[in-house]
Each structure stands twice: as structure tokens, then as C-alpha cells.
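Engineer: File structure-v6.cif below, mmCIF, C-alpha atoms:
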data_query
loop_
_atom_site.label_atom_id
_atom_site.label_comp_id
_atom_site.auth_asym_id
_atom_site.auth_seq_id
_atom_site.Cartn_x
_atom_site.Cartn_y
_atom_site.Cartn_z
CA MET A 1 50.33 -74.39 231.97
CA LYS A 2 47.78 -71.68 232.73
CA LYS A 3 49.49 -71.03 236.05
CA LEU A 4 52.82 -70.56 234.29
CA LEU A 5 51.26 -68.17 231.80
CA ILE A 6 49.59 -66.13 234.56
CA ALA A 7 52.82 -66.04 236.58
CA LEU A 8 54.79 -64.81 233.57
CA MET A 9 52.20 -62.19 232.73
CA LEU A 10 52.19 -60.91 236.31
CA ALA A 11 55.97 -60.87 236.47
CA GLY A 12 56.08 -58.90 233.22
CA THR A 13 53.44 -56.46 234.36
CA PHE A 14 54.97 -55.80 237.74
CA GLY A 15 58.50 -55.84 236.32
CA LEU A 16 57.64 -52.85 234.13
CA THR A 17 56.33 -50.66 236.90
CA TYR A 18 58.44 -48.10 238.69
CA ALA A 19 58.07 -49.03 242.35
CA GLN A 20 56.87 -46.45 244.85
CA SER A 21 60.11 -46.85 246.78
CA ASP A 22 62.10 -45.99 243.62
CA TYR A 23 60.27 -42.66 243.46
CA TYR A 24 61.13 -42.07 247.11
CA ASN A 25 64.78 -42.97 246.44
CA ASP A 26 64.83 -40.38 243.62
CA TYR A 27 63.32 -37.86 246.06
CA ARG A 28 65.99 -38.59 248.68
CA ARG A 29 68.75 -38.42 246.03
CA SER A 30 67.46 -35.01 244.94
CA ILE A 31 68.34 -33.82 248.44
CA ALA A 32 71.45 -35.86 249.25
CA ASP A 33 73.25 -35.33 245.94
CA ILE A 34 73.51 -31.58 246.47
CA ASN A 35 75.47 -29.72 249.12
CA TRP A 36 72.81 -27.20 250.14
CA GLN A 37 75.25 -25.10 252.18
CA THR A 38 77.26 -24.58 248.99
CA VAL A 39 74.07 -23.69 247.11
CA ALA A 40 73.25 -21.07 249.75
CA ALA A 41 76.77 -19.60 249.59
CA ASP A 42 77.05 -19.68 245.76
CA LEU A 43 73.67 -18.04 245.23
CA LEU A 44 74.10 -15.58 248.12
CA LEU A 45 70.84 -16.70 249.71
CA SER A 46 69.37 -14.82 252.64
CA ALA A 47 69.01 -16.53 256.00
CA THR A 48 65.26 -16.81 255.33
CA GLN A 49 65.83 -18.52 251.96
CA THR A 50 68.37 -20.90 253.48
CA ASN A 51 65.98 -21.78 256.30
CA GLN A 52 63.14 -22.37 253.82
CA LEU A 53 65.35 -24.68 251.72
CA ASN A 54 66.38 -26.60 254.83
CA ALA A 55 62.74 -26.93 255.88
CA LEU A 56 61.85 -28.16 252.39
CA ASN A 57 64.66 -30.73 252.49
CA ASN A 58 63.47 -31.94 255.90
CA ARG A 59 59.77 -32.05 255.02
CA TYR A 60 59.61 -35.84 254.54
CA ARG A 61 62.17 -37.45 256.79
CA ASP A 62 61.07 -41.02 256.04
CA TYR A 63 59.25 -43.08 253.45
CA ASP A 64 55.97 -43.20 255.38
CA SER A 65 55.64 -39.43 255.67
CA TRP A 66 56.48 -39.02 251.96
CA ASN A 67 54.14 -41.84 250.94
CA ARG A 68 51.15 -40.38 252.82
CA VAL A 69 51.33 -37.37 250.50
CA TYR A 70 52.33 -39.06 247.23
CA VAL A 71 50.72 -42.51 247.44
CA SER A 72 48.19 -41.80 244.69
CA ASN A 73 50.59 -39.87 242.41
CA PRO A 74 54.27 -40.53 243.18
CA ASP A 75 55.38 -38.63 240.04
CA ARG A 76 54.10 -35.40 241.57
CA TRP A 77 56.99 -35.03 244.04
CA ARG A 78 59.19 -33.65 241.25
CA GLU A 79 56.87 -30.82 240.27
CA ASP A 80 56.08 -30.00 243.91
CA ARG A 81 59.71 -29.95 245.03
CA TYR A 82 61.15 -27.90 242.17
CA TYR A 83 58.22 -25.49 242.14
CA GLU A 84 58.94 -24.84 245.83
CA ILE A 85 62.67 -24.41 245.20
CA GLU A 86 61.92 -21.91 242.42
CA ARG A 87 59.51 -20.06 244.71
CA ILE A 88 62.13 -19.86 247.47
CA LEU A 89 65.05 -18.84 245.23
CA GLY A 90 63.24 -16.64 242.76
CA ARG A 91 63.47 -17.10 238.99
CA GLU A 92 66.96 -15.67 238.49
CA LYS A 93 68.65 -17.68 241.26
CA TYR A 94 66.66 -20.78 240.32
CA THR A 95 68.01 -20.50 236.76
CA LYS A 96 71.56 -20.31 238.15
CA PHE A 97 70.80 -23.30 240.41
CA LYS A 98 69.56 -25.37 237.43
CA SER A 99 72.55 -24.32 235.37
CA LYS A 100 75.09 -25.44 237.97
CA TYR A 101 73.43 -28.56 239.39
CA TYR A 102 71.33 -29.84 236.48
CA LYS A 103 73.37 -28.60 233.50
CA GLY A 104 70.64 -26.11 232.65
CA GLN A 105 67.98 -28.80 232.37
CA ASN A 106 64.70 -28.83 234.18
CA PRO A 107 65.26 -31.05 237.27
CA VAL A 108 61.80 -32.59 236.77
CA ALA A 109 62.91 -33.80 233.33
CA VAL A 110 66.11 -35.22 234.80
CA TYR A 111 64.18 -37.40 237.25
CA ASN A 112 61.59 -38.36 234.61
CA ARG A 113 64.46 -39.56 232.43
CA ASN A 114 65.78 -41.65 235.32
CA LYS A 115 62.36 -43.26 235.63
CA ASN A 116 62.20 -43.97 231.90
CA ASN A 117 65.71 -45.45 231.89
CA TYR A 118 64.57 -47.83 234.62
CA LYS A 119 61.56 -48.88 232.53
CA LYS A 120 63.75 -49.59 229.48
CA TYR A 121 65.96 -51.81 231.60
CA ASN A 122 62.97 -53.76 232.84
CA SER A 123 61.45 -54.14 229.39
CA LYS A 124 64.54 -56.20 228.43
CA GLN A 125 63.72 -58.44 231.37
CA TYR A 126 60.14 -58.78 230.13
CA LYS A 127 61.37 -59.77 226.65
CA GLU A 128 63.46 -62.52 228.26
CA TYR A 129 60.37 -63.80 230.10
CA ARG A 130 58.44 -63.87 226.82
CA LYS A 131 61.25 -65.70 225.05
CA GLU A 132 61.44 -68.27 227.84
CA TYR A 133 57.66 -68.69 227.86
CA LYS A 134 57.55 -69.31 224.07
CA LYS A 135 60.23 -71.96 224.38
CA GLU A 136 58.40 -73.71 227.23
CA TYR A 137 55.12 -73.49 225.31
CA LYS A 138 56.68 -75.14 222.23
CA ASP A 139 58.19 -77.89 224.38
CA HIS A 140 54.84 -78.42 226.08
CA LYS A 141 53.02 -78.69 222.74
CA LYS A 142 55.53 -81.27 221.45
CA LYS A 143 55.09 -83.44 224.55
CA HIS A 144 51.28 -83.39 224.55
CA HIS A 145 50.52 -83.62 220.84
#
Using C-alpha cells, write down the structure from this file.
Structural biologist:
Amino acid sequence: MKKLLIALMLAGTFGLTYAQSDYYNDYRRSIADINWQTVAADLLLSATQTNQLNALNNRYRDYDSWNRVYVSNPDRWREDRYYEIERILGREKYTKFKSKYYKGQNPVAVYNRNKNNYKKYNSKQYKEYRKEYKKEYKDHKKKHH
């Protein structure tokens, strides 16, 4: 019985976490979901700005290179990435970028919301585990008492 309880607690605990690879997938989506050539053309970016954006988008080509930087704080990629984009574009063009591609919202908030939506989904799973555990516990008590 104790093993079952421990297993359920661990499953609930780990089920509620946002896996490191999910952060990386959000990072990759932040690059892949936008046509950066269109961004450069729409915002009339200079060749230097376009090259800097391309370099930023190519900074972490795989999970391992990304993870070496963000292993201890995977949430930080959002602030780092969008701070760099704002630095490259300048405030005015960055505001236009946010307006067109993030409906005027802060991109960091958009990805934080994605993370929180994922947690809500998993908390339903945790509630199901708890419900199942209570049922098994009642059945166990009936059998042994």
C-alpha cells in the first residue's frame, strides 16, 4: 500500500511540472512560427538588423546547446530572447512586431500563459490520480478490517 501511495504522489508531483523539453519546444516554436524574412521586410530592417535576428534565431540549434544555458532556469529563455529582439529592432519597431505577431501582448506573457495552460491540464490528471487512490484505499480498508 505504501508503494502505491508513493507511486501516486510521485506521478502527481512530476505530472505537474513543465518538462525542460517543453520549454525548449516553446523556444523553437517562437522561431518557427514566424516568417522572419517577412518581419524584416515589413519592418524595413537594415541588413545588420536582419543578420542579428538570424544569428539570434540560430543561437541554439539543438536541445543540448539550449539546455547548457538554461538548465537551471528554463523560464529565462523568454526574457532573454525578447530582450534581444527589442534591442535589435529598437523600441518602435519592436512595438510594431509585438502588435502584428503577438496581438500587442508581451511575447513573454504569451509563452508564460502556454506554460500555465499546460499545468492546468496536468492538474486534472492529478485529481484523477487522487480520486483513484481514494477508491483503492477504501477498498483496501474494507478487505483488511
Engineer: By how many Å are atom CA of Lys103 of chain A and atom CA of Leu53 of chain A apart?
Structural biologist: 20.3 Å
Engineer: As a PyMOL selection string, please: the residues near segment 24-30 of chain A (cut-off 12 Å, all atoms listed in the file, same-chain neighbours under 6 positions excluded).
Structural biologist: chain A and resi 18+36+56-71+73-82+85+101-102+107-108+110-115+118
Engineer: Go ahead and dump the residues you just picked, C-alpha atoms, as a PDB file, in the frame of the given file.
Structural biologist:
ATOM      1  CA  TYR A  18      58.440 -48.100 238.690  1.00  0.00           C
ATOM      2  CA  TRP A  36      72.810 -27.200 250.140  1.00  0.00           C
ATOM      3  CA  LEU A  56      61.850 -28.160 252.390  1.00  0.00           C
ATOM      4  CA  ASN A  57      64.660 -30.730 252.490  1.00  0.00           C
ATOM      5  CA  ASN A  58      63.470 -31.940 255.900  1.00  0.00           C
ATOM      6  CA  ARG A  59      59.770 -32.050 255.020  1.00  0.00           C
ATOM      7  CA  TYR A  60      59.610 -35.840 254.540  1.00  0.00           C
ATOM      8  CA  ARG A  61      62.170 -37.450 256.790  1.00  0.00           C
ATOM      9  CA  ASP A  62      61.070 -41.020 256.040  1.00  0.00           C
ATOM     10  CA  TYR A  63      59.250 -43.080 253.450  1.00  0.00           C
ATOM     11  CA  ASP A  64      55.970 -43.200 255.380  1.00  0.00           C
ATOM     12  CA  SER A  65      55.640 -39.430 255.670  1.00  0.00           C
ATOM     13  CA  TRP A  66      56.480 -39.020 251.960  1.00  0.00           C
ATOM     14  CA  ASN A  67      54.140 -41.840 250.940  1.00  0.00           C
ATOM     15  CA  ARG A  68      51.150 -40.380 252.820  1.00  0.00           C
ATOM     16  CA  VAL A  69      51.330 -37.370 250.500  1.00  0.00           C
ATOM     17  CA  TYR A  70      52.330 -39.060 247.230  1.00  0.00           C
ATOM     18  CA  VAL A  71      50.720 -42.510 247.440  1.00  0.00           C
ATOM     19  CA  ASN A  73      50.590 -39.870 242.410  1.00  0.00           C
ATOM     20  CA  PRO A  74      54.270 -40.530 243.180  1.00  0.00           C
ATOM     21  CA  ASP A  75      55.380 -38.630 240.040  1.00  0.00           C
ATOM     22  CA  ARG A  76      54.100 -35.400 241.570  1.00  0.00           C
ATOM     23  CA  TRP A  77      56.990 -35.030 244.040  1.00  0.00           C
ATOM     24  CA  ARG A  78      59.190 -33.650 241.250  1.00  0.00           C
ATOM     25  CA  GLU A  79      56.870 -30.820 240.270  1.00  0.00           C
ATOM     26  CA  ASP A  80      56.080 -30.000 243.910  1.00  0.00           C
ATOM     27  CA  ARG A  81      59.710 -29.950 245.030  1.00  0.00           C
ATOM     28  CA  TYR A  82      61.150 -27.900 242.170  1.00  0.00           C
ATOM     29  CA  ILE A  85      62.670 -24.410 245.200  1.00  0.00           C
ATOM     30  CA  TYR A 101      73.430 -28.560 239.390  1.00  0.00           C
ATOM     31  CA  TYR A 102      71.330 -29.840 236.480  1.00  0.00           C
ATOM     32  CA  PRO A 107      65.260 -31.050 237.270  1.00  0.00           C
ATOM     33  CA  VAL A 108      61.800 -32.590 236.770  1.00  0.00           C
ATOM     34  CA  VAL A 110      66.110 -35.220 234.800  1.00  0.00           C
ATOM     35  CA  TYR A 111      64.180 -37.400 237.250  1.00  0.00           C
ATOM     36  CA  ASN A 112      61.590 -38.360 234.610  1.00  0.00           C
ATOM     37  CA  ARG A 113      64.460 -39.560 232.430  1.00  0.00           C
ATOM     38  CA  ASN A 114      65.780 -41.650 235.320  1.00  0.00           C
ATOM     39  CA  LYS A 115      62.360 -43.260 235.630  1.00  0.00           C
ATOM     40  CA  TYR A 118      64.570 -47.830 234.620  1.00  0.00           C
TER      41      TYR A 118
END
Engineer: By how many Å are atom CA of Asp33 of chain A and atom CA of Ala19 of chain A apart?
Structural biologist: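 Atom-to-atom, atom CA of Asp33 of chain A to atom CA of Ala19 of chain A, that is 20.8 Å.
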Engineer: Measuring between all atoms listed in the file, which one of A:Tyr83, A:Lys98, A:Lys93, A:Gly104 shows the shortest distance to Ala41 of chain A?
Structural biologist: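 Using all atoms listed in the file, Ala41 of chain A sits closest to A:Lys93.
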Engineer: Could you check how far atom CA of Val39 of chain A sits from atom CA of Tyr23 of chain A, in Å to one decimal?
Structural biologist: 23.7 Å
Engineer: Nearest to Gln37 of chain A: which of A:Asn51, A:Gln105, A:Thr95, A:Ile88 is it, counting only C-alpha atoms?
Structural biologist: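 Checking each of A:Asn51, A:Gln105, A:Thr95, A:Ile88 against Gln37 of chain A, counting only C-alpha atoms, the winner is A:Asn51.
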